[in-house]
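Structure data follow from query.pdb (PDB, C-alpha atoms):
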MODEL        1
ATOM      1  CA  MET A   1      94.197  79.785 104.394
ATOM      2  CA  ALA A   2      91.636  82.042 106.044
ATOM      3  CA  TRP A   3      89.026  83.910 104.008
ATOM      4  CA  PHE A   4      90.644  87.291 104.726
ATOM      5  CA  SER A   5      93.849  86.068 103.081
ATOM      6  CA  TRP A   6      91.899  85.473  99.891
ATOM      7  CA  VAL A   7      90.308  88.909 100.194
ATOM      8  CA  ALA A   8      93.744  90.491 100.650
ATOM      9  CA  LEU A   9      95.038  88.637  97.595
ATOM     10  CA  LEU A  10      92.009  89.796  95.602
ATOM     11  CA  VAL A  11      92.685  93.406  96.631
ATOM     12  CA  VAL A  12      96.266  93.143  95.351
ATOM     13  CA  VAL A  13      95.211  91.614  92.030
ATOM     14  CA  ALA A  14      92.412  94.165  91.560
ATOM     15  CA  GLY A  15      94.843  96.988  92.330
ATOM     16  CA  ALA A  16      97.320  95.719  89.756
ATOM     17  CA  ALA A  17      94.588  95.405  87.125
ATOM     18  CA  LEU A  18      93.306  98.911  87.849
ATOM     19  CA  ALA A  19      96.817 100.378  87.696
ATOM     20  CA  ALA A  20      97.465  98.679  84.346
ATOM     21  CA  TYR A  21      94.119  99.843  82.951
ATOM     22  CA  CYS A  22      94.727 103.454  84.062
ATOM     23  CA  ALA A  23      98.263 103.469  82.667
ATOM     24  CA  MET A  24      97.067 102.225  79.282
ATOM     25  CA  GLN A  25      94.844 105.302  78.926
ATOM     26  CA  PHE A  26      97.956 107.442  78.461
ATOM     27  CA  THR A  27      99.933 105.396  75.919
ATOM     28  CA  THR A  28      99.629 108.085  73.222
ATOM     29  CA  MET A  29     101.539 110.580  75.360
ATOM     30  CA  PRO A  30     105.303 111.191  75.002
ATOM     31  CA  ILE A  31     107.232 108.249  76.418
ATOM     32  CA  LEU A  32     108.745 110.145  79.360
ATOM     33  CA  PHE A  33     105.350 111.526  80.363
ATOM     34  CA  PHE A  34     103.876 108.030  80.118
ATOM     35  CA  GLY A  35     106.837 106.737  82.136
ATOM     36  CA  HIS A  36     105.990 109.241  84.879
ATOM     37  CA  ILE A  37     102.369 108.084  84.999
ATOM     38  CA  ALA A  38     103.198 104.371  84.870
ATOM     39  CA  ALA A  39     105.945 104.606  87.513
ATOM     40  CA  MET A  40     103.779 106.642  89.889
ATOM     41  CA  LEU A  41     100.856 104.232  89.466
ATOM     42  CA  LEU A  42     103.228 101.357  90.183
ATOM     43  CA  CYS A  43     104.577 103.203  93.217
ATOM     44  CA  TRP A  44     101.142 103.743  94.749
ATOM     45  CA  TRP A  45     100.029 100.227  93.930
ATOM     46  CA  LEU A  46     103.132  98.769  95.584
ATOM     47  CA  MET A  47     102.754 100.960  98.661
ATOM     48  CA  THR A  48      99.116 100.124  99.280
ATOM     49  CA  SER A  49      99.307  96.462  98.380
ATOM     50  CA  GLY A  50     102.609  96.138 100.263
ATOM     51  CA  SER A  51     100.791  96.765 103.513
ATOM     52  CA  VAL A  52      98.183  94.130 102.656
ATOM     53  CA  ILE A  53     100.883  91.688 101.606
ATOM     54  CA  TYR A  54     102.708  92.292 104.906
ATOM     55  CA  ALA A  55      99.656  91.152 106.857
ATOM     56  CA  VAL A  56      99.130  88.148 104.595
ATOM     57  CA  ALA A  57     102.815  87.177 104.656
ATOM     58  CA  LYS A  58     102.727  87.003 108.448
ATOM     59  CA  LEU A  59      99.815  84.577 108.204
ATOM     60  CA  TRP A  60     101.349  82.423 105.476
ATOM     61  CA  SER A  61     104.882  82.234 106.801
ATOM     62  CA  GLY A  62     104.136  82.514 110.502
ATOM     63  CA  SER A  63     107.368  84.455 110.856
ATOM     64  CA  ARG A  64     107.438  88.170 111.558
ATOM     65  CA  ASP A  65     111.022  88.361 110.227
ATOM     66  CA  SER A  66     110.231  86.907 106.807
ATOM     67  CA  ALA A  67     107.103  89.068 106.519
ATOM     68  CA  ARG A  68     109.154  92.126 107.449
ATOM     69  CA  THR A  69     111.790  91.307 104.822
ATOM     70  CA  PHE A  70     109.110  90.830 102.171
ATOM     71  CA  HIS A  71     107.475  94.123 103.217
ATOM     72  CA  ALA A  72     110.831  95.937 103.039
ATOM     73  CA  ALA A  73     111.453  94.612  99.522
ATOM     74  CA  ILE A  74     108.029  95.695  98.268
ATOM     75  CA  GLN A  75     108.202  99.135  99.873
ATOM     76  CA  SER A  76     111.749  99.621  98.542
ATOM     77  CA  ALA A  77     110.488  98.806  95.059
ATOM     78  CA  ALA A  78     107.759 101.425  95.581
ATOM     79  CA  VAL A  79     110.378 104.046  96.449
ATOM     80  CA  LEU A  80     112.395 103.136  93.354
ATOM     81  CA  ALA A  81     109.241 103.465  91.238
ATOM     82  CA  ALA A  82     108.552 106.924  92.730
ATOM     83  CA  VAL A  83     112.096 108.060  91.977
ATOM     84  CA  ALA A  84     111.838 106.634  88.435
ATOM     85  CA  GLY A  85     108.573 108.531  87.937
ATOM     86  CA  TYR A  86     110.197 111.744  89.111
ATOM     87  CA  VAL A  87     113.221 111.221  86.846
ATOM     88  CA  CYS A  88     110.880 110.669  83.874
ATOM     89  CA  ILE A  89     108.914 113.881  84.410
ATOM     90  CA  PHE A  90     112.065 115.860  85.254
ATOM     91  CA  SER A  91     113.654 114.682  81.996
ATOM     92  CA  ASN A  92     110.476 115.431  80.051
ATOM     93  CA  HIS A  93     110.341 118.990  81.422
ATOM     94  CA  ARG A  94     114.014 119.476  80.630
ATOM     95  CA  LEU A  95     113.567 118.271  77.040
ATOM     96  CA  VAL A  96     110.642 120.616  76.367
ATOM     97  CA  GLY A  97     112.201 123.523  78.261
ATOM     98  CA  GLY A  98     109.475 123.599  80.898
ATOM     99  CA  SER A  99     109.641 124.661  84.519
ATOM    100  CA  GLN A 100     110.356 121.888  86.996
ATOM    101  CA  PHE A 101     107.873 123.475  89.405
ATOM    102  CA  GLY A 102     105.006 124.078  86.983
ATOM    103  CA  PHE A 103     105.522 127.833  86.742
ATOM    104  CA  ASP A 104     105.306 127.952  82.935
ATOM    105  CA  PRO A 105     103.264 130.833  81.527
ATOM    106  CA  GLY A 106      99.704 129.726  80.803
ATOM    107  CA  ASN A 107      99.808 126.693  83.093
ATOM    108  CA  PRO A 108      96.584 126.237  85.017
ATOM    109  CA  PRO A 109      96.946 126.528  88.821
ATOM    110  CA  ALA A 110      96.063 122.835  89.181
ATOM    111  CA  LYS A 111      99.162 121.822  87.186
ATOM    112  CA  THR A 112     101.395 124.056  89.329
ATOM    113  CA  LEU A 113      99.837 122.636  92.512
ATOM    114  CA  HIS A 114     100.321 119.100  91.174
ATOM    115  CA  ALA A 115     104.027 119.768  90.603
ATOM    116  CA  LEU A 116     104.545 121.383  94.006
ATOM    117  CA  PHE A 117     102.507 118.727  95.789
ATOM    118  CA  GLY A 118     104.554 116.078  93.961
ATOM    119  CA  TYR A 119     107.766 117.445  95.471
ATOM    120  CA  ILE A 120     106.218 117.356  98.941
ATOM    121  CA  VAL A 121     104.954 113.795  98.487
ATOM    122  CA  LEU A 122     108.268 112.577  97.050
ATOM    123  CA  SER A 123     110.079 114.119 100.025
ATOM    124  CA  LEU A 124     107.725 112.340 102.432
ATOM    125  CA  ILE A 125     108.181 109.043 100.568
ATOM    126  CA  LEU A 126     111.958 109.348 100.903
ATOM    127  CA  LEU A 127     111.625 110.275 104.588
ATOM    128  CA  GLN A 128     109.401 107.263 105.222
ATOM    129  CA  ALA A 129     111.799 105.011 103.322
ATOM    130  CA  PHE A 130     114.701 106.212 105.463
ATOM    131  CA  GLN A 131     112.661 105.624 108.615
ATOM    132  CA  GLY A 132     111.572 102.166 107.453
ATOM    133  CA  TRP A 133     115.082 101.064 106.506
ATOM    134  CA  SER A 134     116.478 102.454 109.774
ATOM    135  CA  LYS A 135     113.928 100.443 111.737
ATOM    136  CA  PHE A 136     114.466  97.338 109.592
ATOM    137  CA  MET A 137     118.257  97.488 109.996
ATOM    138  CA  GLY A 138     117.921  98.183 113.722
ATOM    139  CA  LEU A 139     115.714  95.141 114.175
ATOM    140  CA  GLN A 140     117.999  92.962 112.029
ATOM    141  CA  THR A 141     121.152  93.944 113.921
ATOM    142  CA  GLY A 142     119.555  93.786 117.354
ATOM    143  CA  LYS A 143     119.896  97.508 118.035
ATOM    144  CA  LEU A 144     116.102  97.689 118.210
ATOM    145  CA  ARG A 145     113.766  95.242 119.857
ATOM    146  CA  PHE A 146     110.043  94.921 120.302
ATOM    147  CA  SER A 147     108.687  95.354 123.782
ATOM    148  CA  ARG A 148     105.499  96.222 125.561
ATOM    149  CA  PRO A 149     106.383  99.688 126.846
ATOM    150  CA  ARG A 150     103.351 100.432 129.066
ATOM    151  CA  ASP A 151     105.290  99.778 132.272
ATOM    152  CA  GLN A 152     108.505 101.312 130.905
ATOM    153  CA  LEU A 153     106.761 104.539 129.916
ATOM    154  CA  ARG A 154     105.410 105.146 133.419
ATOM    155  CA  SER A 155     108.938 105.287 134.776
ATOM    156  CA  HIS A 156     110.455 107.168 131.849
ATOM    157  CA  PRO A 157     111.541 110.747 132.707
ATOM    158  CA  ASP A 158     109.665 112.091 129.698
ATOM    159  CA  SER A 159     106.555 109.987 130.190
ATOM    160  CA  SER A 160     104.140 112.899 129.756
ATOM    161  CA  ALA A 161     105.441 113.624 126.254
ATOM    162  CA  ARG A 162     105.308 109.945 125.310
ATOM    163  CA  ALA A 163     102.040 109.063 127.077
ATOM    164  CA  TRP A 164     100.187 108.612 123.812
ATOM    165  CA  LEU A 165     102.606 105.816 122.919
ATOM    166  CA  SER A 166     101.280 103.712 125.776
ATOM    167  CA  THR A 167      98.105 103.046 123.814
ATOM    168  CA  ARG A 168     100.017 101.184 121.119
ATOM    169  CA  PRO A 169     100.287  97.423 121.625
ATOM    170  CA  ARG A 170     103.897  97.001 120.413
ATOM    171  CA  LEU A 171     106.681  99.463 119.709
ATOM    172  CA  ALA A 172     110.216  99.257 118.499
ATOM    173  CA  THR A 173     112.438 100.581 121.272
ATOM    174  CA  TRP A 174     116.139 101.058 121.734
ATOM    175  CA  PRO A 175     117.632  98.638 124.273
TER
ENDMDL
END
Can the structure from this file be put into structure tokens for me?
Amino acid sequence: MAWFSWVALLVVVAGAALAAYCAMQFTTMPILFFGHIAAMLLCWWLMTSGSVIYAVAKLWSGSRDSARTFHAAIQSAAVLAAVAGYVCIFSNHRLVGGSQFGFDPGNPPAKTLHALFGYIVLSLILLQAFQGWSKFMGLQTGKLRFSRPRDQLRSHPDSSARAWLSTRPRLATWP
């Protein structure tokens, strides 16, 4: 195994340890609030380490398909953790009679911005998950394939709008 595989593994382990340490700082909070923090930390840890694991899995298995399946499982778990974190804080706000958007009287602006930003980020996570699963299913069923589109883009009717794509080494394209 190459040295960068060990570095990638160390990054994943260090991330898990940091997430656990940070989560333990909030154990005296109400359980639903703690659940929100723990689930969101898990979500971000899975998302960032999932990308590292994807690169390492390709090296270990030698198969792009098995690495892609492993990556899909980890990123799906990250989405589930994000949704669980949202459900925890939503339930906590409902139990205490608080605003779901942070508009309670006396709330500092930072708390309101955190709540609003959280909705934006959760929406983007769900959008990315839909895109990732669409691509994964397309590749699995053969509706998508990898190609080197540099030559194809030159002849495409909309090549000016897609010219920036020609700089990418590999793209998923519809047959």
Neighbour residues at most 10 Å from (109.6, 111.8, 88.4) (only C-alpha atoms) as JSON, numbers by chain: {"A": [32, 33, 35, 36, 37, 39, 40, 81, 82, 83, 84, 85, 86, 87, 88, 89, 90, 91, 92, 115, 118, 119, 122]}
Please produce a file of those selected residues containing C-alpha atoms, as a compact mmCIF listing (two decimals), in the coordinates of the input.
# COMPACT_ATOMS: atom_id res chain seq x y z
CA LEU A 32 108.74 110.14 79.36
CA PHE A 33 105.35 111.53 80.36
CA GLY A 35 106.84 106.74 82.14
CA HIS A 36 105.99 109.24 84.88
CA ILE A 37 102.37 108.08 85.00
CA ALA A 39 105.94 104.61 87.51
CA MET A 40 103.78 106.64 89.89
CA ALA A 81 109.24 103.46 91.24
CA ALA A 82 108.55 106.92 92.73
CA VAL A 83 112.10 108.06 91.98
CA ALA A 84 111.84 106.63 88.44
CA GLY A 85 108.57 108.53 87.94
CA TYR A 86 110.20 111.74 89.11
CA VAL A 87 113.22 111.22 86.85
CA CYS A 88 110.88 110.67 83.87
CA ILE A 89 108.91 113.88 84.41
CA PHE A 90 112.06 115.86 85.25
CA SER A 91 113.65 114.68 82.00
CA ASN A 92 110.48 115.43 80.05
CA ALA A 115 104.03 119.77 90.60
CA GLY A 118 104.55 116.08 93.96
CA TYR A 119 107.77 117.44 95.47
CA LEU A 122 108.27 112.58 97.05
Quote the spacing between atom CA of A:Cys22 and atom CA of A:Leu124 in Å to one decimal place.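 Between these atoms lies a distance of 24.2 Å.
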Take the point (104.9, 97.5, 80.4) in the file's coordinates, draw a sphere of radius 10 Å around it, and report as a VMD selection string every protein, DNA or RNA residue with an atom inside or on it, counting only C-alpha atoms. chain A and resid 20 23 to 24 35 38
How many Å separate atom CA of A:Leu42 from atom CA of A:Tyr54? 17.3 Å
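Atom pair atom CA of A:Met47 / atom CA of A:Pro109 has a distance of 28.0 Å (rounded to one decimal).
Minimum distance to A:Val79 across A:Val52, A:Leu46, A:Ala14, A:Met137 (counting only C-alpha atoms) occurs at A:Leu46.
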Expand the PyMOL selection byres ((chain A and resi 48) around 12) into the explicit residue set it covers here, and present it as a VMD selection string. chain A and resid 8 11 to 16 19 41 to 47 49 to 55 71 74 to 75 78
Export, as a JSON list (two decimals), in the coordinates of the input, the selected residues with C-alpha atoms.
[["chain", "number", "residue", "atom", "x", "y", "z"],
["A", 8, "ALA", "CA", 93.74, 90.49, 100.65],
["A", 11, "VAL", "CA", 92.68, 93.41, 96.63],
["A", 12, "VAL", "CA", 96.27, 93.14, 95.35],
["A", 13, "VAL", "CA", 95.21, 91.61, 92.03],
["A", 14, "ALA", "CA", 92.41, 94.16, 91.56],
["A", 15, "GLY", "CA", 94.84, 96.99, 92.33],
["A", 16, "ALA", "CA", 97.32, 95.72, 89.76],
["A", 19, "ALA", "CA", 96.82, 100.38, 87.70],
["A", 41, "LEU", "CA", 100.86, 104.23, 89.47],
["A", 42, "LEU", "CA", 103.23, 101.36, 90.18],
["A", 43, "CYS", "CA", 104.58, 103.20, 93.22],
["A", 44, "TRP", "CA", 101.14, 103.74, 94.75],
["A", 45, "TRP", "CA", 100.03, 100.23, 93.93],
["A", 46, "LEU", "CA", 103.13, 98.77, 95.58],
["A", 47, "MET", "CA", 102.75, 100.96, 98.66],
["A", 49, "SER", "CA", 99.31, 96.46, 98.38],
["A", 50, "GLY", "CA", 102.61, 96.14, 100.26],
["A", 51, "SER", "CA", 100.79, 96.76, 103.51],
["A", 52, "VAL", "CA", 98.18, 94.13, 102.66],
["A", 53, "ILE", "CA", 100.88, 91.69, 101.61],
["A", 54, "TYR", "CA", 102.71, 92.29, 104.91],
["A", 55, "ALA", "CA", 99.66, 91.15, 106.86],
["A", 71, "HIS", "CA", 107.48, 94.12, 103.22],
["A", 74, "ILE", "CA", 108.03, 95.70, 98.27],
["A", 75, "GLN", "CA", 108.20, 99.14, 99.87],
["A", 78, "ALA", "CA", 107.76, 101.42, 95.58]]
As a PyMOL selection string, please: the residues near A:Gln140 (cut-off 12 Å, only C-alpha atoms, same-chain neighbours under 3 positions excluded). chain A and resi 64-66+68-69+72+133-137+143-146+172
